[in-house]
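The next block is structure-v9.txt, given as compact mmCIF, C-alpha atoms.
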```txt
# COMPACT_ATOMS: atom_id res chain seq x y z
CA MET A 4 25.47 12.14 12.26
CA ARG A 5 24.30 13.94 15.34
CA LEU A 6 21.24 11.72 15.52
CA THR A 7 23.25 8.55 15.55
CA GLN A 8 25.63 9.55 18.31
CA ASN A 9 23.89 7.07 20.61
CA TYR A 10 24.83 4.16 18.40
CA THR A 11 28.33 3.03 17.69
CA ILE A 12 28.95 1.73 14.20
CA ASN A 13 29.10 -1.76 15.71
CA ASP A 14 25.62 -1.35 17.23
CA LEU A 15 24.41 -0.43 13.78
CA MET A 16 26.21 -3.40 12.30
CA GLU A 17 24.49 -5.76 14.75
CA GLY A 18 21.14 -4.10 14.06
CA CYS A 19 21.65 -4.51 10.34
CA LYS A 20 22.53 -8.15 10.83
CA ALA A 21 19.21 -8.58 12.61
CA GLY A 22 17.49 -6.87 9.68
CA ASP A 23 16.36 -3.92 11.80
CA ARG A 24 15.02 -1.33 9.36
CA LYS A 25 15.75 1.63 11.65
CA MET A 26 19.32 0.54 12.18
CA GLN A 27 19.78 0.14 8.45
CA GLU A 28 18.57 3.68 7.96
CA GLN A 29 20.87 4.96 10.70
CA LEU A 30 23.84 3.21 9.14
CA TYR A 31 22.93 4.75 5.81
CA LYS A 32 22.64 8.21 7.34
CA LEU A 33 25.95 7.81 9.10
CA THR A 34 27.97 6.55 6.14
CA SER A 35 26.23 7.54 2.89
CA ALA A 36 27.86 10.95 2.45
CA LYS A 37 31.35 9.45 2.69
CA MET A 38 30.35 6.61 0.41
CA LEU A 39 28.89 8.95 -2.17
CA ALA A 40 32.18 10.88 -2.20
CA LEU A 41 33.87 7.55 -2.90
CA CYS A 42 31.40 6.63 -5.64
CA MET A 43 31.85 10.06 -7.22
CA ARG A 44 35.54 9.34 -7.75
CA TYR A 45 34.72 6.20 -9.69
CA ALA A 46 31.86 7.67 -11.70
CA LYS A 47 31.59 10.13 -14.54
CA ASP A 48 28.87 12.15 -12.88
CA ARG A 49 26.61 12.34 -9.90
CA MET A 50 23.87 10.27 -11.45
CA GLU A 51 26.16 7.38 -12.12
CA ALA A 52 27.61 7.76 -8.62
CA GLU A 53 24.19 7.63 -6.95
CA ASP A 54 23.24 4.54 -8.95
CA SER A 55 26.42 2.93 -7.75
CA LEU A 56 25.74 4.05 -4.18
CA GLN A 57 22.27 2.54 -4.26
CA MET A 58 23.54 -0.79 -5.56
CA GLY A 59 26.31 -0.75 -2.96
CA TYR A 60 23.93 -0.28 -0.02
CA ILE A 61 21.62 -2.99 -1.26
CA LYS A 62 24.63 -5.32 -1.30
CA ILE A 63 25.70 -4.14 2.13
CA PHE A 64 22.33 -4.93 3.69
CA GLN A 65 22.15 -8.27 1.93
CA LYS A 66 25.67 -9.32 2.86
CA VAL A 67 26.03 -7.80 6.30
CA LYS A 68 25.53 -11.23 7.90
CA GLU A 69 28.71 -12.36 6.18
CA TYR A 70 30.77 -9.66 7.90
CA ARG A 71 32.92 -11.49 10.46
CA GLY A 72 34.63 -8.50 12.01
CA ASP A 73 37.91 -8.69 10.12
CA GLY A 74 38.94 -5.07 9.84
CA SER A 75 36.66 -2.14 10.61
CA PHE A 76 33.02 -2.23 9.58
CA GLU A 77 33.47 1.04 7.71
CA GLY A 78 36.39 -0.50 5.83
CA TRP A 79 34.15 -3.41 4.88
CA ILE A 80 31.46 -0.99 3.64
CA ARG A 81 34.07 0.89 1.63
CA ARG A 82 35.30 -2.32 0.04
CA ILE A 83 31.82 -3.25 -1.05
CA MET A 84 31.38 0.18 -2.58
CA VAL A 85 34.64 -0.10 -4.50
CA ASN A 86 33.72 -3.60 -5.65
CA THR A 87 30.35 -2.30 -6.84
CA ALA A 88 32.11 0.43 -8.83
CA ILE A 89 34.49 -2.12 -10.32
CA GLU A 90 31.62 -4.40 -11.30
CA SER A 91 29.74 -1.67 -13.11
CA TYR A 92 32.96 -0.58 -14.82
CA ARG A 93 33.58 -4.10 -16.05
CA LYS A 94 30.02 -4.35 -17.31
CA ASN A 95 30.40 -1.09 -19.19
CA ILE A 96 33.73 -2.00 -20.71
CA LYS A 97 32.24 -5.21 -22.05
CA ALA A 98 29.48 -3.17 -23.60
CA MET A 99 31.82 -0.60 -25.16
CA ASN A 100 35.05 -2.58 -25.68
CA VAL A 101 36.93 0.59 -26.40
CA VAL A 102 40.47 1.28 -25.30
CA PRO A 103 40.97 5.02 -25.15
CA ILE A 104 44.29 6.48 -26.19
CA GLU A 105 45.31 9.73 -24.63
CA ASP A 106 48.41 11.63 -25.58
CA ALA A 107 49.34 13.31 -22.39
CA TYR A 108 52.65 11.76 -21.87
CA GLU A 109 55.03 14.61 -21.15
CA GLN A 110 55.69 15.43 -17.57
CA PRO A 111 54.61 18.94 -16.70
CA SER A 112 57.66 21.02 -15.91
CA THR A 113 56.17 23.46 -13.46
CA GLY A 114 55.26 22.73 -9.89
CA PHE A 115 51.82 23.38 -8.51
CA ASP A 116 50.21 24.55 -5.38
CA PHE A 117 47.81 22.02 -3.97
CA SER A 118 46.66 24.14 -1.11
CA ARG A 119 44.23 26.09 -3.26
CA LEU A 120 42.73 22.96 -4.82
CA GLY A 121 39.78 21.63 -2.93
CA MET A 122 38.31 18.19 -3.00
CA GLN A 123 35.70 19.31 -5.53
CA ASP A 124 38.41 20.51 -7.92
CA LEU A 125 40.25 17.21 -7.72
CA LEU A 126 37.00 15.34 -8.16
CA LYS A 127 36.30 17.27 -11.32
CA ILE A 128 39.58 16.33 -12.93
CA ILE A 129 39.35 12.71 -11.81
CA GLN A 130 35.91 12.46 -13.40
CA LYS A 131 37.36 13.81 -16.62
CA LEU A 132 39.73 10.83 -16.88
CA SER A 133 38.72 8.00 -19.15
CA ASP A 134 37.15 5.09 -17.29
CA GLY A 135 40.19 2.81 -17.22
CA TYR A 136 42.59 5.49 -15.96
CA ARG A 137 40.11 6.60 -13.37
CA MET A 138 39.70 3.07 -12.05
CA VAL A 139 43.40 2.39 -11.76
CA PHE A 140 44.26 5.77 -10.24
CA ASN A 141 41.49 5.51 -7.64
CA MET A 142 42.33 1.97 -6.71
CA TYR A 143 46.06 2.48 -6.50
CA ALA A 144 46.52 6.03 -5.26
CA ILE A 145 43.52 6.41 -2.97
CA GLU A 146 42.33 2.93 -2.03
CA GLY A 147 45.85 1.54 -1.84
CA TYR A 148 45.42 -1.63 -3.92
CA SER A 149 48.55 -3.20 -5.39
CA HIS A 150 49.04 -3.50 -9.14
CA LYS A 151 48.57 -7.24 -8.75
CA GLU A 152 45.19 -6.78 -7.08
CA ILE A 153 44.12 -4.20 -9.63
CA ALA A 154 45.15 -6.50 -12.46
CA GLU A 155 43.03 -9.29 -11.01
CA LEU A 156 40.04 -7.15 -10.24
CA LEU A 157 39.96 -5.34 -13.56
CA GLY A 158 41.01 -8.31 -15.65
CA ILE A 159 44.09 -6.59 -17.10
CA SER A 160 47.80 -7.27 -16.90
CA GLU A 161 49.98 -5.78 -14.14
CA GLY A 162 51.94 -3.89 -16.78
CA ALA A 163 48.74 -2.36 -18.13
CA SER A 164 47.83 -1.32 -14.61
CA LYS A 165 51.20 0.37 -14.13
CA SER A 166 51.17 2.20 -17.44
CA GLN A 167 47.58 3.34 -16.98
CA LEU A 168 48.47 4.66 -13.56
CA SER A 169 51.37 6.75 -14.82
CA ARG A 170 49.27 8.08 -17.68
CA ALA A 171 46.52 8.94 -15.29
CA ARG A 172 48.93 10.85 -13.07
CA ALA A 173 50.30 12.75 -16.05
CA ILE A 174 46.83 13.79 -17.18
CA LEU A 175 45.86 14.83 -13.70
CA LYS A 176 48.99 16.98 -13.31
CA GLU A 177 48.26 18.68 -16.59
CA GLU A 178 44.73 19.39 -15.55
CA ILE A 179 45.91 20.78 -12.23
CA ILE A 180 48.27 23.15 -14.02
CA LYS A 181 45.45 24.29 -16.27
CA MET A 182 43.36 24.93 -13.23
CA GLU A 183 46.19 26.78 -11.52
CA GLY A 184 46.50 28.94 -14.59
CA ILE A 185 42.84 29.81 -14.41
CA ASN A 186 43.21 30.50 -10.73
CA TYR A 187 46.20 32.77 -11.32
CA ALA A 188 44.30 34.55 -14.04
CA THR A 189 41.36 35.20 -11.77
CA TYR A 190 43.67 36.38 -8.98
CA ALA A 191 45.60 38.63 -11.35
CA GLY A 192 42.55 39.92 -13.13
CA MET B 13 58.40 21.16 -5.55
CA GLN B 14 59.63 21.15 -9.04
CA HIS B 15 59.04 17.49 -9.72
CA MET B 16 56.68 16.05 -7.31
CA GLN B 17 57.24 12.42 -6.48
CA ASP B 18 54.46 10.10 -7.53
CA LYS B 19 53.96 8.98 -3.95
CA GLU B 20 53.55 12.53 -2.75
CA PHE B 21 51.18 13.26 -5.57
CA ASP B 22 49.02 10.26 -4.72
CA GLN B 23 49.15 11.13 -1.04
CA LEU B 24 47.77 14.59 -1.70
CA PHE B 25 44.77 13.12 -3.45
CA LYS B 26 44.31 10.59 -0.71
CA GLU B 27 44.30 13.27 1.96
CA ARG B 28 41.76 15.36 0.10
CA PHE B 29 39.38 12.47 -0.21
CA GLU B 30 40.00 10.88 3.17
CA GLU B 31 37.12 12.57 4.98
CA ALA B 32 35.31 13.82 1.91
CA GLU B 33 31.53 13.84 2.18
CA ILE B 34 28.94 14.47 -0.51
CA HIS B 35 25.36 14.12 0.61
CA PRO B 36 23.17 11.96 -1.58
CA SER B 37 19.80 13.22 -2.74
CA PRO B 38 17.10 12.62 -0.12
CA ALA B 39 15.06 10.30 -2.32
CA LEU B 40 17.83 7.74 -2.54
CA TRP B 41 17.12 6.07 0.79
CA GLY B 42 13.55 5.40 -0.27
CA ALA B 43 14.78 3.65 -3.40
CA ILE B 44 17.19 1.52 -1.39
CA GLN B 45 14.52 0.71 1.18
CA ALA B 46 12.12 -0.43 -1.52
CA GLU B 47 14.74 -2.80 -2.88
CA ILE B 48 15.76 -4.34 0.42
CA THR B 49 12.19 -5.14 1.48
CA PRO B 50 12.14 -8.92 1.57
CA VAL B 51 9.93 -10.63 -0.98
CA SER B 52 8.25 -12.68 1.77
CA LYS B 53 7.10 -9.46 3.42
CA ARG B 54 5.60 -8.27 0.18
CA ARG B 55 3.74 -11.57 -0.10
CA ALA B 56 2.50 -11.21 3.44
CA PHE B 57 1.26 -7.80 2.48
CA SER B 58 -0.76 -9.16 -0.43
CA GLY B 59 -2.01 -11.82 1.98
CA TRP B 60 -3.42 -9.01 4.06
CA TRP B 61 -5.16 -7.74 0.98
CA MET B 62 -6.69 -11.17 0.49
CA ALA B 63 -7.85 -11.21 4.08
CA ALA B 64 -9.33 -7.73 3.68
CA ALA B 65 -11.18 -8.89 0.56
CA VAL B 66 -12.61 -11.87 2.43
CA VAL B 67 -13.75 -9.65 5.27
CA LEU B 68 -15.34 -7.28 2.78
CA VAL B 69 -17.25 -10.12 1.16
CA GLY B 70 -18.36 -11.35 4.57
CA VAL B 71 -19.58 -7.97 5.69
CA SER B 72 -21.37 -7.38 2.40
CA ALA B 73 -23.05 -10.78 2.68
CA GLY B 74 -24.11 -9.92 6.21
CA LEU B 75 -25.58 -6.66 5.01
CA LEU B 76 -27.45 -8.46 2.26
CA PHE B 77 -29.09 -10.87 4.69
CA HIS B 78 -29.89 -8.01 6.95
CA LYS B 79 -31.57 -6.31 4.04
CA THR B 80 -33.86 -9.27 3.24
CA GLU B 81 -34.96 -9.32 6.86
CA LYS B 82 -35.88 -5.70 6.55
CA ILE B 83 -37.98 -6.45 3.51
CA GLN B 84 -40.10 -8.88 5.51
CA LEU B 85 -40.51 -6.38 8.29
CA GLN B 86 -41.65 -3.75 5.87
CA GLY B 87 -44.48 -6.07 4.94
CA LYS B 88 -45.57 -6.14 8.55
CA ALA B 89 -45.22 -2.44 8.80
CA ILE B 90 -47.80 -2.06 6.09
CA VAL B 91 -50.16 -4.20 8.11
CA ALA B 92 -49.51 -1.93 11.01
CA THR B 93 -50.60 1.04 8.98
CA ALA B 94 -53.72 -0.85 8.15
CA THR B 95 -54.53 -1.25 11.80
CA GLU B 96 -53.66 2.32 12.31
CA THR B 97 -56.31 3.40 9.88
CA ALA B 98 -58.77 1.11 11.53
CA PRO B 99 -59.38 3.27 14.61
CA GLU B 100 -60.19 6.15 12.35
CA THR B 101 -62.94 4.09 10.81
CA ILE B 102 -64.18 3.32 14.29
CA ILE B 103 -64.47 6.94 15.01
CA ALA B 104 -66.08 7.44 11.67
CA ASP B 105 -68.86 4.89 12.15
CA GLN B 106 -69.53 4.84 15.80
CA SER B 107 -72.76 3.02 15.19
CA GLY B 108 -71.36 -0.13 16.68
CA THR B 109 -69.97 -2.14 13.82
CA VAL B 110 -67.11 -4.38 14.54
CA VAL B 111 -63.99 -3.30 12.82
CA SER B 112 -61.58 -6.11 12.38
CA THR B 113 -58.63 -5.94 10.12
CA GLY B 114 -57.65 -9.51 10.30
CA SER B 115 -54.51 -9.68 8.30
CA VAL B 116 -54.70 -11.77 5.19
CA LEU B 117 -50.94 -12.05 4.85
CA PRO B 118 -49.45 -15.50 5.28
CA GLN B 119 -46.57 -14.27 7.42
CA ALA B 120 -48.64 -11.81 9.29
CA THR B 121 -51.45 -14.14 10.27
CA LYS B 122 -49.22 -15.89 12.75
CA LYS B 123 -48.73 -12.85 14.84
CA ASN B 124 -50.91 -10.11 13.64
CA ASN B 125 -54.43 -11.19 13.95
CA LEU B 126 -55.44 -7.82 15.00
CA PHE B 127 -58.94 -7.31 16.11
CA VAL B 128 -59.93 -3.85 16.76
CA ALA B 129 -63.34 -4.32 18.10
CA ASP B 130 -65.59 -1.67 19.41
CA ASN B 131 -69.26 -2.31 19.18
CA GLN B 132 -70.44 0.35 21.53
CA PRO B 133 -69.94 4.04 21.22
CA ASP B 134 -68.65 3.99 24.73
CA ASN B 135 -66.37 6.83 25.74
CA LYS B 136 -64.07 4.45 27.54
CA LYS B 137 -63.55 2.25 24.53
CA LEU B 138 -62.95 5.19 22.33
CA VAL B 139 -60.23 6.37 24.61
CA VAL B 140 -58.68 2.93 24.49
CA SER B 141 -58.80 2.84 20.75
CA GLU B 142 -57.22 6.25 20.58
CA GLU B 143 -54.41 5.07 22.81
CA LYS B 144 -54.07 2.13 20.49
CA SER B 145 -53.75 4.35 17.53
CA LEU B 146 -51.08 6.28 19.33
CA ILE B 147 -49.14 3.14 19.95
CA THR B 148 -49.67 1.66 16.56
CA VAL B 149 -48.43 4.75 14.84
CA GLN B 150 -44.93 3.79 15.94
CA PRO B 151 -44.43 0.72 13.75
CA ASN B 152 -44.38 2.96 10.74
CA GLU B 153 -41.09 4.46 11.80
CA GLY B 154 -39.39 1.79 13.84
CA LEU B 155 -39.71 -1.61 12.29
CA SER B 156 -40.13 -4.73 14.34
CA HIS B 157 -39.69 -3.81 17.94
CA PRO B 158 -42.39 -1.18 18.35
CA LEU B 159 -44.73 -3.51 16.51
CA HIS B 160 -44.46 -6.04 19.26
CA ILE B 161 -45.43 -3.48 21.83
CA GLY B 162 -48.35 -2.65 19.66
CA ASN B 163 -49.33 -6.28 19.44
CA GLU B 164 -49.24 -6.72 23.16
CA THR B 165 -51.45 -3.80 23.87
CA LEU B 166 -53.72 -4.81 21.08
CA ALA B 167 -53.92 -8.30 22.45
CA LYS B 168 -54.98 -6.95 25.80
CA VAL B 169 -57.61 -4.93 24.13
CA ASP B 170 -58.78 -8.01 22.28
CA VAL B 171 -59.49 -9.85 25.49
CA GLY B 172 -61.56 -7.02 26.78
CA THR B 173 -63.41 -6.26 23.63
CA LEU B 174 -64.00 -9.74 22.30
CA LYS B 175 -66.30 -10.51 25.20
CA GLU B 176 -68.59 -7.81 24.07
CA ASN B 177 -68.03 -8.80 20.53
CA THR B 178 -71.15 -10.28 19.00
CA THR B 179 -70.56 -9.88 15.31
CA THR B 180 -67.54 -10.79 13.26
CA ASP B 181 -68.14 -8.65 10.26
CA ILE B 182 -65.21 -7.50 8.29
CA ALA B 183 -64.77 -3.80 8.35
CA ILE B 184 -65.93 -1.85 5.39
CA ALA B 185 -63.07 0.57 5.40
CA GLY B 186 -60.41 -1.98 6.11
CA ALA B 187 -61.47 -4.27 3.29
CA ASP B 188 -59.39 -2.81 0.55
CA ILE B 189 -56.36 -2.07 2.67
CA PRO B 190 -55.34 -5.71 3.26
CA ALA B 191 -55.76 -6.31 -0.41
CA THR B 192 -53.07 -3.77 -1.24
CA THR B 193 -50.77 -5.18 1.38
CA VAL B 194 -51.14 -8.62 -0.09
CA ASP B 195 -50.14 -7.19 -3.43
CA ALA B 196 -47.11 -5.63 -1.89
CA VAL B 197 -45.98 -8.87 -0.36
CA VAL B 198 -46.52 -10.76 -3.59
CA ASN B 199 -44.37 -8.22 -5.37
CA GLU B 200 -41.62 -8.68 -2.87
CA ASN B 201 -41.72 -12.40 -3.34
CA ASP B 202 -41.34 -11.84 -7.06
CA GLN B 203 -38.31 -9.68 -6.47
CA ALA B 204 -36.75 -12.32 -4.30
CA GLU B 205 -37.14 -14.80 -7.11
CA HIS B 206 -35.60 -12.38 -9.61
CA THR B 207 -32.28 -12.26 -7.76
CA ARG B 208 -32.01 -16.06 -7.99
CA ILE B 209 -29.44 -16.61 -5.33
CA ARG B 210 -29.17 -20.35 -5.13
CA ASN B 211 -25.79 -20.81 -3.59
CA VAL B 212 -22.82 -19.07 -2.02
CA GLY B 213 -21.24 -18.38 -5.41
CA ASP B 214 -24.32 -16.51 -6.56
CA LEU B 215 -24.41 -14.62 -3.33
CA ILE B 216 -20.79 -13.52 -3.61
CA ASN B 217 -21.27 -12.59 -7.27
CA PHE B 218 -24.25 -10.50 -6.25
CA VAL B 219 -22.34 -8.73 -3.50
CA VAL B 220 -19.26 -8.21 -5.65
CA ASP B 221 -21.44 -6.83 -8.41
CA LYS B 222 -22.83 -4.26 -5.99
CA VAL B 223 -19.41 -3.28 -4.70
CA ASP B 224 -17.10 -3.67 -7.70
CA LYS B 225 -18.28 -1.99 -10.89
CA ARG B 226 -15.29 -2.96 -13.03
CA GLU B 227 -15.60 -5.42 -15.84
CA GLN B 228 -13.21 -7.78 -14.16
CA LYS B 229 -14.56 -8.25 -10.67
CA PHE B 230 -12.19 -8.92 -7.84
CA LEU B 231 -13.97 -12.19 -7.25
CA GLN B 232 -16.18 -14.03 -9.64
CA PHE B 233 -17.89 -17.39 -9.32
CA LYS B 234 -19.46 -19.59 -11.89
CA SER B 235 -22.54 -21.42 -10.77
CA ASP B 236 -24.50 -24.04 -12.63
CA ASP B 237 -27.92 -25.46 -12.06
CA ASP B 238 -26.63 -28.22 -9.83
CA ASP B 239 -26.00 -25.65 -7.14
CA ASN B 240 -22.29 -26.08 -7.48
CA SER B 241 -20.18 -22.95 -7.62
CA SER B 242 -16.56 -22.56 -8.50
CA LEU B 243 -14.18 -19.65 -8.44
CA ILE B 244 -13.40 -18.55 -11.98
CA ALA B 245 -11.82 -15.13 -11.73
CA ILE B 246 -9.90 -13.06 -9.24
CA ASN B 247 -8.69 -9.51 -9.71
CA ILE B 248 -6.99 -8.13 -6.65
CA GLY B 249 -4.59 -5.40 -7.78
CA PRO B 250 -1.44 -7.10 -9.08
CA PHE B 251 -2.79 -10.59 -8.56
CA LYS B 252 -5.13 -11.59 -11.34
CA LEU B 253 -6.59 -14.93 -12.17
CA ASN B 254 -8.76 -15.13 -15.18
CA PRO B 255 -8.20 -18.38 -17.04
CA ARG B 256 -10.76 -17.60 -19.68
CA LYS B 257 -12.68 -14.56 -20.68
CA HIS B 258 -15.91 -14.50 -18.80
CA LYS B 259 -18.74 -12.10 -19.21
```
Could you spell out this file's structure in structure tokens?
Amino acid sequence: MRLTQNYTINDLMEGCKAGDRKMQEQLYKLTSAKMLALCMRYAKDRMEAEDSLQMGYIKIFQKVKEYRGDGSFEGWIRRIMVNTAIESYRKNIKAMNVVPIEDAYEQPSTGFDFSRLGMQDLLKIIQKLSDGYRMVFNMYAIEGYSHKEIAELLGISEGASKSQLSRARAILKEEIIKMEGINYATYAG
Amino acid sequence: MQHMQDKEFDQLFKERFEEAEIHPSPALWGAIQAEITPVSKRRAFSGWWMAAAVVLVGVSAGLLFHKTEKIQLQGKAIVATATETAPETIIADQSGTVVSTGSVLPQATKKNNLFVADNQPDNKKLVVSEEKSLITVQPNEGLSHPLHIGNETLAKVDVGTLKENTTTDIAIAGADIPATTVDAVVNENDQAEHTRIRNVGDLINFVVDKVDKREQKFLQFKSDDDDNSSLIAINIGPFKLNPRKHK
């Protein structure tokens, strides 16, 4: 990031539109770490995330000419990354055609302390979710899509989107409590 | 925070991931770069390979022609050695016989009618002939250029010596030397016929054969007796053209 201080993200965008290889690399250097963090949320593991990241950047460089400046350029990049993740999810679901059932319906009764949970901890529990839950939770809670949008993008009903979201939340809370327990144990021990 | 609201819960996740960064493995950019290289650029690249191949063929052909020239010059060089030995015979029989190593070679006769004549055991002439020998030693090492210098000086000597020249006997010592040189030239002519380069296709095949030892040459021409040649096989890395097996 220090290297690219001379360029604004819009300079890079213009350079990428012109097909400038150096500008493409600078844009990648500037944004790839954030985008990998995004891809990690949608993937099961790092390998899957990096595959997704690679596909996303190829799309970005191919489609950059279509970017008309509606919204920030970084927002546009993010959207392409999310779309790439959705596409690969939909491909996978066609291949597997499995609807996972998870019985984690009860609300956890105890509260939890988020301050001790880092991004990596949250990432771990998100990656543990089954693919469908992970997609809906990411899209709704973090990306801010509506249930209608999610339903369209994932090819499910709005009701399915809502129920998957609440299940996802329940599982995540349970996992956080488990983690807290481990943390308490290590602090106590 | 007994029962955290869903919105709050989501917000906490959102905050954690807002500025999250995970650095990708360094090799990933290379993979992306390879995929975004336009196809037209790749084609241009292989075009450069084609151009390089053409240049290579051209240079090789040039070298080949250069080589045949050298072969001819070597023939002359042998003649030069013959003349070189001639002065020695002069010194050997100073009785006054004319030593002339008139070259019998077809190519050489045009230029190299070398007459080393010395019919008197004169000190002066001997010195001249020794100078000659010094000059004519050079053509052995250098090829054509020094030979010309030798010819010039020899020609000058001819003018001077031919006046005194009364006999035109062929030298005793030099007699067998031209014979060997003739043999040598005949052999070279044979070799030239063996290569049988009749047209450009043959020439390129010959050059390619020297350069490319693989079974499938990077360029291969078919030539028939009508002196027509046609390209039958190409093998430049990924781009191969070999419509039928050709040996």
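Minimum distance to Trp79 in chain A across A:Ala163, A:Leu39, A:Ile185, A:Met16 (counting all atoms listed in the file) occurs at A:Met16.
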Contact table chain B vs chain A, cut-off 9 Å, shortest pair per residue, all atoms listed in the file, as a Markdown table:
```
| residue | atom | partner | partner_atom | distance |
| --- | --- | --- | --- | --- |
| B:Met13 | CA | A:Gly114 | CA | 5.6 |
| B:Gln14 | CA | A:Gly114 | CA | 4.7 |
| B:His15 | CA | A:Gly114 | CA | 6.5 |
| B:Met16 | CA | A:Gly114 | CA | 7.3 |
| B:Asp18 | CA | A:Arg172 | CA | 7.9 |
| B:Lys19 | CA | A:Ala144 | CA | 8.1 |
| B:Phe21 | CA | A:Arg172 | CA | 8.2 |
| B:Asp22 | CA | A:Ala144 | CA | 4.9 |
| B:Gln23 | CA | A:Ala144 | CA | 7.1 |
| B:Leu24 | CA | A:Phe117 | CA | 7.8 |
| B:Phe25 | CA | A:Ile145 | CA | 6.8 |
| B:Lys26 | CA | A:Ile145 | CA | 4.8 |
| B:Glu27 | CA | A:Ile145 | CA | 8.5 |
| B:Arg28 | CA | A:Met122 | CA | 5.4 |
| B:Phe29 | CA | A:Met122 | CA | 6.5 |
| B:Glu30 | CA | A:Ile145 | CA | 8.4 |
| B:Glu31 | CA | A:Lys37 | CA | 6.9 |
| B:Ala32 | CA | A:Ala40 | CA | 5.9 |
| B:Glu33 | CA | A:Lys37 | CA | 4.4 |
| B:Ile34 | CA | A:Ala36 | CA | 4.7 |
| B:His35 | CA | A:Ala36 | CA | 4.4 |
| B:Pro36 | CA | A:Ala36 | CA | 6.3 |
| B:Ser37 | CA | A:Glu53 | CA | 8.3 |
| B:Leu40 | CA | A:Gln57 | CA | 7.1 |
| B:Trp41 | CA | A:Glu28 | CA | 7.7 |
| B:Ala43 | CA | A:Gln57 | CA | 7.6 |
| B:Ile44 | CA | A:Gln57 | CA | 5.9 |
| B:Gln45 | CA | A:Ile61 | CA | 8.4 |
| B:Glu47 | CA | A:Ile61 | CA | 7.1 |
| B:Ile48 | CA | A:Ile61 | CA | 6.2 |
```
Residues just named, written with C-alpha atoms as a short mmCIF file (atom, residue, chain, number, x, y, z; two decimals), in the coordinates of the input:
```
data_model
loop_
_atom_site.label_atom_id
_atom_site.label_comp_id
_atom_site.auth_asym_id
_atom_site.auth_seq_id
_atom_site.Cartn_x
_atom_site.Cartn_y
_atom_site.Cartn_z
CA MET B 13 58.40 21.16 -5.55
CA GLN B 14 59.63 21.15 -9.04
CA HIS B 15 59.04 17.49 -9.72
CA MET B 16 56.68 16.05 -7.31
CA ASP B 18 54.46 10.10 -7.53
CA LYS B 19 53.96 8.98 -3.95
CA PHE B 21 51.18 13.26 -5.57
CA ASP B 22 49.02 10.26 -4.72
CA GLN B 23 49.15 11.13 -1.04
CA LEU B 24 47.77 14.59 -1.70
CA PHE B 25 44.77 13.12 -3.45
CA LYS B 26 44.31 10.59 -0.71
CA GLU B 27 44.30 13.27 1.96
CA ARG B 28 41.76 15.36 0.10
CA PHE B 29 39.38 12.47 -0.21
CA GLU B 30 40.00 10.88 3.17
CA GLU B 31 37.12 12.57 4.98
CA ALA B 32 35.31 13.82 1.91
CA GLU B 33 31.53 13.84 2.18
CA ILE B 34 28.94 14.47 -0.51
CA HIS B 35 25.36 14.12 0.61
CA PRO B 36 23.17 11.96 -1.58
CA SER B 37 19.80 13.22 -2.74
CA LEU B 40 17.83 7.74 -2.54
CA TRP B 41 17.12 6.07 0.79
CA ALA B 43 14.78 3.65 -3.40
CA ILE B 44 17.19 1.52 -1.39
CA GLN B 45 14.52 0.71 1.18
CA GLU B 47 14.74 -2.80 -2.88
CA ILE B 48 15.76 -4.34 0.42
#
```
Inset, instruction - For Phe230 in chain B, list every protein, DNA or RNA residue within 8 Å, evaluated using only C-alpha atoms, and leave out those in the same chain fewer than 6 positions away; present the list as a VMD selection string. - result: chain B and resid 220 224 245 to 248
Inset, instruction - Give me, please, the distance in Å between CA of Asp48 in chain A and CA of Lys131 in chain A, quoted to one decimal. - result: 9.4 Å
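Going from CA of Arg93 in chain A over to CA of Ala46 in chain A, you cover 12.7 Å.
Each of B:Asp221, B:Lys234, B:Gln17, B:Ile244 was compared to Ser72 in chain B using all atoms listed in the file, and B:Asp221 turns out to be the nearest.
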Inset, instruction - Tell me which protein, DNA and RNA residues are within 9 Å of Leu132 in chain A, counting only C-alpha atoms, leaving out same-chain ones fewer than 3 positions away, and put them as number ranges by chain. - result: A: 47, 128-129, 135-137, 171, 174-175
Legend entry - CA of Asp23 in chain A to CA of Lys68 in chain A, straight-line distance in Å: 12.4 Å
